[in-house]
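Undergrad: Contents of structure_16.pdb (PDB, C-alpha atoms, pLDDT in the B column):
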```pdb
MODEL        1
ATOM      1  CA  MET S   1      86.786  89.702  91.104  1.00 96.00           C
ATOM      2  CA  ARG S   2      87.529  92.885  93.003  1.00 97.00           C
ATOM      3  CA  ILE S   3      90.889  94.414  93.865  1.00 98.00           C
ATOM      4  CA  VAL S   4      91.656  97.637  95.706  1.00 98.00           C
ATOM      5  CA  GLN S   5      94.817  99.484  94.681  1.00 98.00           C
ATOM      6  CA  ILE S   6      96.344 101.918  97.180  1.00 98.00           C
ATOM      7  CA  THR S   7      99.447 103.976  96.514  1.00 98.00           C
ATOM      8  CA  ASP S   8     101.771 106.727  97.744  1.00 98.00           C
ATOM      9  CA  LEU S   9     100.928 106.567 101.437  1.00 98.00           C
ATOM     10  CA  HIS S  10     103.944 108.643 102.580  1.00 98.00           C
ATOM     11  CA  LEU S  11     103.450 107.623 106.197  1.00 98.00           C
ATOM     12  CA  LEU S  12     105.034 109.322 109.203  1.00 97.00           C
ATOM     13  CA  PRO S  13     105.309 108.596 112.930  1.00 94.00           C
ATOM     14  CA  ASP S  14     101.996 109.202 114.687  1.00 90.00           C
ATOM     15  CA  GLY S  15     101.257 112.866 115.311  1.00 91.00           C
ATOM     16  CA  GLU S  16     103.432 114.227 112.480  1.00 95.00           C
ATOM     17  CA  GLU S  17     102.072 115.909 109.347  1.00 97.00           C
ATOM     18  CA  LEU S  18     103.323 116.088 105.763  1.00 97.00           C
ATOM     19  CA  MET S  19     102.631 119.403 104.021  1.00 96.00           C
ATOM     20  CA  ARG S  20      99.877 120.081 106.574  1.00 95.00           C
ATOM     21  CA  LEU S  21      98.256 116.699 105.889  1.00 97.00           C
ATOM     22  CA  ASP S  22      97.583 113.926 108.389  1.00 97.00           C
ATOM     23  CA  VAL S  23      98.824 111.256 105.977  1.00 98.00           C
ATOM     24  CA  ASN S  24      98.340 108.428 108.492  1.00 97.00           C
ATOM     25  CA  GLY S  25      94.752 109.474 109.094  1.00 97.00           C
ATOM     26  CA  ARG S  26      94.107 109.754 105.368  1.00 98.00           C
ATOM     27  CA  LEU S  27      95.281 106.159 104.880  1.00 98.00           C
ATOM     28  CA  LEU S  28      93.034 104.906 107.692  1.00 97.00           C
ATOM     29  CA  ARG S  29      90.058 106.636 106.081  1.00 98.00           C
ATOM     30  CA  VAL S  30      90.842 104.915 102.776  1.00 98.00           C
ATOM     31  CA  LEU S  31      91.183 101.513 104.422  1.00 98.00           C
ATOM     32  CA  ARG S  32      87.842 101.896 106.206  1.00 97.00           C
ATOM     33  CA  HIS S  33      86.141 102.913 102.966  1.00 98.00           C
ATOM     34  CA  ALA S  34      87.814 100.180 100.903  1.00 98.00           C
ATOM     35  CA  ARG S  35      86.707  97.450 103.307  1.00 97.00           C
ATOM     36  CA  GLU S  36      83.093  98.232 102.429  1.00 96.00           C
ATOM     37  CA  TYR S  37      83.893  97.368  98.801  1.00 96.00           C
ATOM     38  CA  ASN S  38      84.798  93.854 100.026  1.00 96.00           C
ATOM     39  CA  PRO S  39      87.717  93.257  97.659  1.00 98.00           C
ATOM     40  CA  ASP S  40      89.326  89.889  97.099  1.00 98.00           C
ATOM     41  CA  ALA S  41      92.781  91.446  97.586  1.00 98.00           C
ATOM     42  CA  TYR S  42      94.639  94.704  98.071  1.00 98.00           C
ATOM     43  CA  PHE S  43      97.557  95.901  95.946  1.00 98.00           C
ATOM     44  CA  LEU S  44      99.831  98.542  97.517  1.00 98.00           C
ATOM     45  CA  THR S  45     102.109 100.174  94.991  1.00 98.00           C
ATOM     46  CA  GLY S  46     104.842 101.898  96.904  1.00 97.00           C
ATOM     47  CA  ASP S  47     106.121 105.022  98.614  1.00 98.00           C
ATOM     48  CA  PHE S  48     105.053 103.844 102.035  1.00 98.00           C
ATOM     49  CA  CYS S  49     107.375 106.250 103.907  1.00 98.00           C
ATOM     50  CA  ALA S  50     107.219 110.035 103.630  1.00 96.00           C
ATOM     51  CA  THR S  51     110.930 110.792 103.378  1.00 86.00           C
ATOM     52  CA  LEU S  52     113.626 108.321 104.409  1.00 91.00           C
ATOM     53  CA  PRO S  53     112.508 104.712 104.976  1.00 96.00           C
ATOM     54  CA  ARG S  54     111.897 103.852 108.642  1.00 96.00           C
ATOM     55  CA  GLN S  55     111.522 100.303 109.924  1.00 97.00           C
ATOM     56  CA  GLU S  56     108.934 101.246 112.552  1.00 96.00           C
ATOM     57  CA  ILE S  57     106.679 102.727 109.866  1.00 97.00           C
ATOM     58  CA  TYR S  58     106.650  99.461 107.939  1.00 98.00           C
ATOM     59  CA  HIS S  59     105.755  97.555 111.096  1.00 97.00           C
ATOM     60  CA  ALA S  60     102.914  99.989 111.877  1.00 96.00           C
ATOM     61  CA  MET S  61     101.692  99.692 108.293  1.00 97.00           C
ATOM     62  CA  ARG S  62     101.685  95.911 108.572  1.00 97.00           C
ATOM     63  CA  GLN S  63      99.437  96.107 111.641  1.00 96.00           C
ATOM     64  CA  MET S  64      96.944  98.211 109.664  1.00 96.00           C
ATOM     65  CA  LEU S  65      96.973  95.856 106.683  1.00 97.00           C
ATOM     66  CA  ASP S  66      96.757  92.677 108.745  1.00 96.00           C
ATOM     67  CA  GLY S  67      93.542  94.052 110.229  1.00 94.00           C
ATOM     68  CA  LEU S  68      91.857  94.037 106.814  1.00 95.00           C
ATOM     69  CA  GLY S  69      91.379  90.297 106.916  1.00 95.00           C
ATOM     70  CA  LYS S  70      92.141  89.897 103.200  1.00 97.00           C
ATOM     71  CA  PRO S  71      95.291  89.082 101.201  1.00 98.00           C
ATOM     72  CA  TYR S  72      97.459  92.059 100.312  1.00 98.00           C
ATOM     73  CA  TYR S  73     100.504  92.375  98.078  1.00 98.00           C
ATOM     74  CA  ILE S  74     103.101  95.142  97.984  1.00 97.00           C
ATOM     75  CA  THR S  75     105.671  96.560  95.613  1.00 97.00           C
ATOM     76  CA  PRO S  76     108.179  99.219  96.716  1.00 98.00           C
ATOM     77  CA  GLY S  77     108.492 102.802  95.541  1.00 98.00           C
ATOM     78  CA  ASN S  78     111.425 105.182  95.418  1.00 97.00           C
ATOM     79  CA  HIS S  79     110.897 106.188  99.084  1.00 97.00           C
ATOM     80  CA  ASP S  80     111.141 102.580 100.257  1.00 98.00           C
ATOM     81  CA  ASP S  81     113.869 100.204 101.396  1.00 98.00           C
ATOM     82  CA  ARG S  82     113.737  96.627 100.147  1.00 97.00           C
ATOM     83  CA  ALA S  83     115.436  95.059 103.173  1.00 97.00           C
ATOM     84  CA  MET S  84     113.182  96.880 105.630  1.00 97.00           C
ATOM     85  CA  LEU S  85     110.089  95.783 103.698  1.00 98.00           C
ATOM     86  CA  ARG S  86     111.327  92.191 103.701  1.00 97.00           C
ATOM     87  CA  ASN S  87     111.882  92.381 107.442  1.00 96.00           C
ATOM     88  CA  ALA S  88     108.398  93.751 108.178  1.00 97.00           C
ATOM     89  CA  PHE S  89     106.383  91.654 105.722  1.00 96.00           C
ATOM     90  CA  TYR S  90     108.504  88.453 105.537  1.00 93.00           C
ATOM     91  CA  LEU S  91     108.915  88.797 101.782  1.00 93.00           C
ATOM     92  CA  GLU S  92     110.909  86.358  99.683  1.00 89.00           C
ATOM     93  CA  GLY S  93     114.443  87.173  98.598  1.00 91.00           C
ATOM     94  CA  HIS S  94     117.345  88.730 100.455  1.00 91.00           C
ATOM     95  CA  GLY S  95     118.408  92.227 101.432  1.00 90.00           C
ATOM     96  CA  GLN S  96     118.360  94.725  98.573  1.00 94.00           C
ATOM     97  CA  GLU S  97     117.370  92.265  95.833  1.00 95.00           C
ATOM     98  CA  PRO S  98     114.402  93.489  93.764  1.00 96.00           C
ATOM     99  CA  ILE S  99     111.017  92.544  95.186  1.00 97.00           C
ATOM    100  CA  ARG S 100     109.245  91.004  92.218  1.00 97.00           C
ATOM    101  CA  GLY S 101     107.112  87.979  91.522  1.00 97.00           C
ATOM    102  CA  LEU S 102     103.914  86.375  90.300  1.00 97.00           C
ATOM    103  CA  VAL S 103     100.679  86.931  92.224  1.00 98.00           C
ATOM    104  CA  ARG S 104      97.497  84.999  91.464  1.00 97.00           C
ATOM    105  CA  VAL S 105      94.103  86.320  92.580  1.00 97.00           C
ATOM    106  CA  GLN S 106      91.327  83.893  91.732  1.00 94.00           C
ATOM    107  CA  ASP S 107      92.066  82.974  88.088  1.00 92.00           C
ATOM    108  CA  LYS S 108      94.066  86.083  87.152  1.00 96.00           C
ATOM    109  CA  ASN S 109      97.837  86.474  87.124  1.00 98.00           C
ATOM    110  CA  PHE S 110      99.673  89.665  88.064  1.00 98.00           C
ATOM    111  CA  LEU S 111     103.390  90.297  87.604  1.00 98.00           C
ATOM    112  CA  PHE S 112     104.826  92.602  90.262  1.00 98.00           C
ATOM    113  CA  LEU S 113     107.949  94.574  89.309  1.00 98.00           C
ATOM    114  CA  ASP S 114     110.304  96.597  91.504  1.00 98.00           C
ATOM    115  CA  THR S 115     111.029 100.129  90.251  1.00 98.00           C
ATOM    116  CA  SER S 116     112.233 101.473  93.602  1.00 97.00           C
ATOM    117  CA  ARG S 117     115.650 102.442  92.161  1.00 97.00           C
ATOM    118  CA  GLY S 118     113.982 104.503  89.418  1.00 97.00           C
ATOM    119  CA  PHE S 119     114.581 101.877  86.716  1.00 97.00           C
ATOM    120  CA  ILE S 120     114.046  98.152  86.125  1.00 97.00           C
ATOM    121  CA  ASP S 121     117.289  96.212  85.978  1.00 95.00           C
ATOM    122  CA  GLY S 122     118.164  93.679  83.293  1.00 96.00           C
ATOM    123  CA  GLU S 123     117.449  90.658  85.491  1.00 96.00           C
ATOM    124  CA  GLN S 124     113.896  91.825  86.053  1.00 97.00           C
ATOM    125  CA  VAL S 125     113.398  92.513  82.342  1.00 98.00           C
ATOM    126  CA  GLU S 126     114.571  88.973  81.531  1.00 98.00           C
ATOM    127  CA  TRP S 127     112.277  87.524  84.193  1.00 98.00           C
ATOM    128  CA  LEU S 128     109.343  89.576  82.877  1.00 98.00           C
ATOM    129  CA  GLU S 129     109.956  88.389  79.317  1.00 98.00           C
ATOM    130  CA  MET S 130     109.908  84.747  80.395  1.00 98.00           C
ATOM    131  CA  ALA S 131     106.865  85.273  82.609  1.00 98.00           C
ATOM    132  CA  LEU S 132     104.856  86.937  79.813  1.00 98.00           C
ATOM    133  CA  ARG S 133     105.634  84.038  77.490  1.00 97.00           C
ATOM    134  CA  GLN S 134     104.121  81.712  80.079  1.00 97.00           C
ATOM    135  CA  PHE S 135     101.313  84.067  81.181  1.00 97.00           C
ATOM    136  CA  PRO S 136     100.608  86.416  78.234  1.00 96.00           C
ATOM    137  CA  ALA S 137      97.337  87.638  79.773  1.00 95.00           C
ATOM    138  CA  ALA S 138      99.033  88.683  83.043  1.00 97.00           C
ATOM    139  CA  GLU S 139      98.559  92.252  84.255  1.00 98.00           C
ATOM    140  CA  ILE S 140     101.551  94.328  85.439  1.00 98.00           C
ATOM    141  CA  VAL S 141     101.862  96.011  88.853  1.00 98.00           C
ATOM    142  CA  MET S 142     104.658  98.509  89.594  1.00 98.00           C
ATOM    143  CA  HIS S 143     105.286 101.841  91.303  1.00 98.00           C
ATOM    144  CA  HIS S 144     106.415 104.030  88.399  1.00 98.00           C
ATOM    145  CA  PRO S 145     104.411 104.245  85.180  1.00 98.00           C
ATOM    146  CA  PRO S 146     106.435 102.939  82.211  1.00 98.00           C
ATOM    147  CA  ILE S 147     105.397 105.803  79.895  1.00 98.00           C
ATOM    148  CA  PRO S 148     104.804 109.567  80.184  1.00 98.00           C
ATOM    149  CA  MET S 149     101.400 110.211  81.747  1.00 98.00           C
ATOM    150  CA  GLY S 150     100.806 113.880  81.020  1.00 97.00           C
ATOM    151  CA  VAL S 151     101.588 115.006  84.578  1.00 98.00           C
ATOM    152  CA  ARG S 152     104.058 117.703  83.591  1.00 97.00           C
ATOM    153  CA  PHE S 153     106.234 117.991  86.695  1.00 98.00           C
ATOM    154  CA  MET S 154     106.553 114.242  87.289  1.00 98.00           C
ATOM    155  CA  ASP S 155     107.082 113.373  83.612  1.00 98.00           C
ATOM    156  CA  HIS S 156     109.993 115.835  83.538  1.00 97.00           C
ATOM    157  CA  ALA S 157     111.526 115.425  87.010  1.00 97.00           C
ATOM    158  CA  TYR S 158     110.905 111.841  88.177  1.00 98.00           C
ATOM    159  CA  PRO S 159     110.014 109.469  85.329  1.00 98.00           C
ATOM    160  CA  LEU S 160     111.019 105.837  85.170  1.00 98.00           C
ATOM    161  CA  ARG S 161     114.460 105.710  83.534  1.00 98.00           C
ATOM    162  CA  GLU S 162     115.902 103.325  80.951  1.00 96.00           C
ATOM    163  CA  THR S 163     112.524 102.092  79.716  1.00 98.00           C
ATOM    164  CA  ASP S 164     113.473 100.920  76.191  1.00 97.00           C
ATOM    165  CA  GLN S 165     113.916  97.227  77.023  1.00 98.00           C
ATOM    166  CA  LEU S 166     110.964  97.207  79.414  1.00 98.00           C
ATOM    167  CA  LEU S 167     108.634  98.665  76.779  1.00 98.00           C
ATOM    168  CA  ARG S 168     109.959  96.240  74.190  1.00 98.00           C
ATOM    169  CA  VAL S 169     108.981  93.316  76.410  1.00 98.00           C
ATOM    170  CA  LEU S 170     105.590  94.809  77.299  1.00 98.00           C
ATOM    171  CA  THR S 171     104.633  95.557  73.696  1.00 97.00           C
ATOM    172  CA  TYR S 172     106.422  93.094  71.401  1.00 95.00           C
ATOM    173  CA  ASP S 173     103.573  90.546  71.217  1.00 94.00           C
ATOM    174  CA  GLY S 174     100.792  93.137  70.837  1.00 95.00           C
ATOM    175  CA  HIS S 175      98.709  91.382  73.513  1.00 95.00           C
ATOM    176  CA  PRO S 176      96.356  93.834  75.264  1.00 96.00           C
ATOM    177  CA  ARG S 177      97.936  94.476  78.649  1.00 97.00           C
ATOM    178  CA  ARG S 178      97.102  96.594  81.697  1.00 98.00           C
ATOM    179  CA  VAL S 179      99.664  98.251  83.949  1.00 98.00           C
ATOM    180  CA  PHE S 180      98.668  99.397  87.447  1.00 98.00           C
ATOM    181  CA  CYS S 181     100.984 101.984  88.995  1.00 98.00           C
ATOM    182  CA  GLY S 182     101.262 105.082  91.175  1.00 98.00           C
ATOM    183  CA  HIS S 183     104.141 107.524  91.874  1.00 98.00           C
ATOM    184  CA  TYR S 184     102.673 110.540  90.042  1.00 98.00           C
ATOM    185  CA  HIS S 185     100.277 111.702  92.793  1.00 98.00           C
ATOM    186  CA  SER S 186      97.473 112.047  90.278  1.00 98.00           C
ATOM    187  CA  GLY S 187      94.918 109.761  88.681  1.00 97.00           C
ATOM    188  CA  ARG S 188      94.346 108.962  85.000  1.00 97.00           C
ATOM    189  CA  THR S 189      94.546 106.228  82.351  1.00 98.00           C
ATOM    190  CA  VAL S 190      96.799 106.511  79.289  1.00 98.00           C
ATOM    191  CA  ALA S 191      96.864 104.182  76.272  1.00 98.00           C
ATOM    192  CA  TYR S 192     100.145 103.387  74.520  1.00 97.00           C
ATOM    193  CA  ARG S 193     100.225 100.766  71.769  1.00 97.00           C
ATOM    194  CA  ASN S 194      98.827  97.605  73.400  1.00 97.00           C
ATOM    195  CA  LEU S 195      99.089  99.026  76.943  1.00 98.00           C
ATOM    196  CA  HIS S 196      96.499 100.688  79.144  1.00 98.00           C
ATOM    197  CA  VAL S 197      98.376 102.307  82.029  1.00 98.00           C
ATOM    198  CA  HIS S 198      96.174 102.994  85.063  1.00 98.00           C
ATOM    199  CA  LEU S 199      97.558 105.633  87.410  1.00 98.00           C
ATOM    200  CA  CYS S 200      96.173 105.262  90.917  1.00 98.00           C
ATOM    201  CA  PRO S 201      95.495 108.481  92.859  1.00 98.00           C
ATOM    202  CA  PRO S 202      97.309 108.734  96.201  1.00 98.00           C
ATOM    203  CA  THR S 203      96.139 108.526  99.773  1.00 98.00           C
ATOM    204  CA  SER S 204      98.565 111.341 100.661  1.00 98.00           C
ATOM    205  CA  PHE S 205      99.136 114.591  98.735  1.00 98.00           C
ATOM    206  CA  PHE S 206      98.175 115.416  95.144  1.00 98.00           C
ATOM    207  CA  ILE S 207     100.290 117.159  92.494  1.00 98.00           C
ATOM    208  CA  ASP S 208      98.775 119.591  89.999  1.00 98.00           C
ATOM    209  CA  PRO S 209      99.046 117.672  86.698  1.00 97.00           C
ATOM    210  CA  VAL S 210      99.307 120.766  84.485  1.00 97.00           C
ATOM    211  CA  ALA S 211     101.832 122.801  86.512  1.00 97.00           C
ATOM    212  CA  PRO S 212     105.432 122.680  85.162  1.00 96.00           C
ATOM    213  CA  GLU S 213     106.849 122.863  88.717  1.00 97.00           C
ATOM    214  CA  PHE S 214     105.791 121.069  91.885  1.00 98.00           C
ATOM    215  CA  GLN S 215     102.415 122.388  92.961  1.00 98.00           C
ATOM    216  CA  GLN S 216     100.320 120.680  95.605  1.00 98.00           C
ATOM    217  CA  ILE S 217      96.546 120.697  95.107  1.00 97.00           C
ATOM    218  CA  ASP S 218      93.864 120.095  97.716  1.00 97.00           C
ATOM    219  CA  LEU S 219      92.031 116.831  97.092  1.00 98.00           C
ATOM    220  CA  PRO S 220      90.748 114.163  99.493  1.00 98.00           C
ATOM    221  CA  PRO S 221      92.498 110.812  99.859  1.00 98.00           C
ATOM    222  CA  ALA S 222      91.733 108.377  97.071  1.00 98.00           C
ATOM    223  CA  TYR S 223      92.278 104.870  95.740  1.00 98.00           C
ATOM    224  CA  LEU S 224      91.287 102.628  92.806  1.00 98.00           C
ATOM    225  CA  GLN S 225      88.589  99.983  92.699  1.00 98.00           C
ATOM    226  CA  LEU S 226      89.454  97.378  90.052  1.00 98.00           C
ATOM    227  CA  GLU S 227      86.803  94.915  88.969  1.00 97.00           C
ATOM    228  CA  TRP S 228      86.618  92.046  86.462  1.00 96.00           C
ATOM    229  CA  ASN S 229      83.261  90.363  85.827  1.00 92.00           C
ATOM    230  CA  ASP S 230      82.567  86.805  84.711  1.00 84.00           C
ATOM    231  CA  HIS S 231      82.208  87.896  81.079  1.00 82.00           C
ATOM    232  CA  GLY S 232      85.655  89.486  80.894  1.00 81.00           C
ATOM    233  CA  ALA S 233      84.581  93.107  81.258  1.00 93.00           C
ATOM    234  CA  PHE S 234      86.896  95.326  83.305  1.00 97.00           C
ATOM    235  CA  GLN S 235      86.475  98.652  85.047  1.00 96.00           C
ATOM    236  CA  ALA S 236      88.805 100.880  87.061  1.00 97.00           C
ATOM    237  CA  ALA S 237      86.976 103.358  89.266  1.00 97.00           C
ATOM    238  CA  PRO S 238      88.928 106.078  91.110  1.00 98.00           C
ATOM    239  CA  ILE S 239      87.317 106.703  94.490  1.00 98.00           C
ATOM    240  CA  TYR S 240      87.806 110.099  96.152  1.00 98.00           C
ATOM    241  CA  LEU S 241      86.610 110.087  99.730  1.00 97.00           C
ATOM    242  CA  PRO S 242      83.969 112.603 100.766  1.00 90.00           C
TER     243      PRO S 242
ENDMDL
END
```
Just give me the structure as structure tokens.
TA:
Amino acid sequence: MRIVQITDLHLLPDGEELMRLDVNGRLLRVLRHAREYNPDAYFLTGDFCATLPRQEIYHAMRQMLDGLGKPYYITPGNHDDRAMLRNAFYLEGHGQEPIRGLVRVQDKNFLFLDTSRGFIDGEQVEWLEMALRQFPAAEIVMHHPPIPMGVRFMDHAYPLRETDQLLRVLTYDGHPRRVFCGHYHSGRTVAYRNLHVHLCPPTSFFIDPVAPEFQQIDLPPAYLQLEWNDHGAFQAAPIYLP
């Protein structure tokens, strides 16, 4: 089974640039490249708009994703608006309720969580706890990483808040568990207790992981190829476009 994860698109109206980057063009390059991988599904993990959420950007993004011809699933980031996403993608729920749920791709279960407010509320934590009791082998998909990732500026300035109860639920049974996330504009994998947290590199701009303040670095657009084989082996390959 193959899944493509794409994150931190930071899209703008056509013709505009973000920090001298054509973020829309970078996403299109990633989508063209990812199609050649022939994934079973696409996971998009938030920050779809560059600054304030804009309804027209979500509709334009939907046109791009519909053209892939494969299922895709989204979770919002801190630059996103839940109601606007629901309107563009016909998602379940109402208004500003968290966008969360169970996704099944082939025989694997994925639990999508909504961290767009910078924390996971108690209702989502309760739902996650019940879902993991029913599907203990489920993988987790969310925008923010649940632990520090060693990206100095983001760990200090914009981490996920109020993580104690979330981490309790994710770790209490000791079951090996993967978390797929974005938000940090860098790519790496960090192990914490029973968790392996996979940080997807962005399609838009990159942040220097060792700088204490915000520092943009020049890297090409990127994404993650996730693959499970029939014998249970797993690999996560970050792909940086030439």
Undergrad: Residues around (118.2, 92.0, 80.3), cut-off 12 Å, counting only C-alpha atoms - what are they as a PDB file with C-alpha atoms, in the frame of the given file?
TA:
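As a result, point-v9.pdb now contains:
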```
ATOM      1  CA  ILE S 120     114.046  98.152  86.125  1.00 97.00           C
ATOM      2  CA  ASP S 121     117.289  96.212  85.978  1.00 95.00           C
ATOM      3  CA  GLY S 122     118.164  93.679  83.293  1.00 96.00           C
ATOM      4  CA  GLU S 123     117.449  90.658  85.491  1.00 96.00           C
ATOM      5  CA  GLN S 124     113.896  91.825  86.053  1.00 97.00           C
ATOM      6  CA  VAL S 125     113.398  92.513  82.342  1.00 98.00           C
ATOM      7  CA  GLU S 126     114.571  88.973  81.531  1.00 98.00           C
ATOM      8  CA  TRP S 127     112.277  87.524  84.193  1.00 98.00           C
ATOM      9  CA  LEU S 128     109.343  89.576  82.877  1.00 98.00           C
ATOM     10  CA  GLU S 129     109.956  88.389  79.317  1.00 98.00           C
ATOM     11  CA  MET S 130     109.908  84.747  80.395  1.00 98.00           C
ATOM     12  CA  GLU S 162     115.902 103.325  80.951  1.00 96.00           C
ATOM     13  CA  THR S 163     112.524 102.092  79.716  1.00 98.00           C
ATOM     14  CA  ASP S 164     113.473 100.920  76.191  1.00 97.00           C
ATOM     15  CA  GLN S 165     113.916  97.227  77.023  1.00 98.00           C
ATOM     16  CA  LEU S 166     110.964  97.207  79.414  1.00 98.00           C
ATOM     17  CA  ARG S 168     109.959  96.240  74.190  1.00 98.00           C
ATOM     18  CA  VAL S 169     108.981  93.316  76.410  1.00 98.00           C
TER      19      VAL S 169
END
```
Undergrad: Find the residues near Pro148 (chain S): any atom within 10 Å, counting only C-alpha atoms, skip ones fewer than 4 places away on the same chain, and give them as a list in words.
TA: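 So, after excluding close chain neighbours, the residues are Arg152, Met154, Asp155, His156, Pro159, Leu160, Val190, Tyr192 and Val197 of chain S.
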Undergrad: Pick the closest to Asn24 (chain S) from S:Leu199, S:Ala233, S:Ile57, S:Leu224: which is it, counting all atoms listed in the file?
TA: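 Smallest distance to Asn24 (chain S) is found for S:Ile57.
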Undergrad: Could you please determine the separation between CA of His185 (chain S) and CA of Tyr90 (chain S) in Å, to one decimal place?
TA: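 Atom-to-atom, CA of His185 (chain S) and CA of Tyr90 (chain S) are spaced 27.8 Å apart.
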Undergrad: Measuring atom to atom with all atoms listed in the file, identify which of S:Pro220, S:Gly77, S:Gly187, S:Gly174 is nearest to Gly118 (chain S).
TA: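 So, comparing all the options, the nearest one is S:Gly77.
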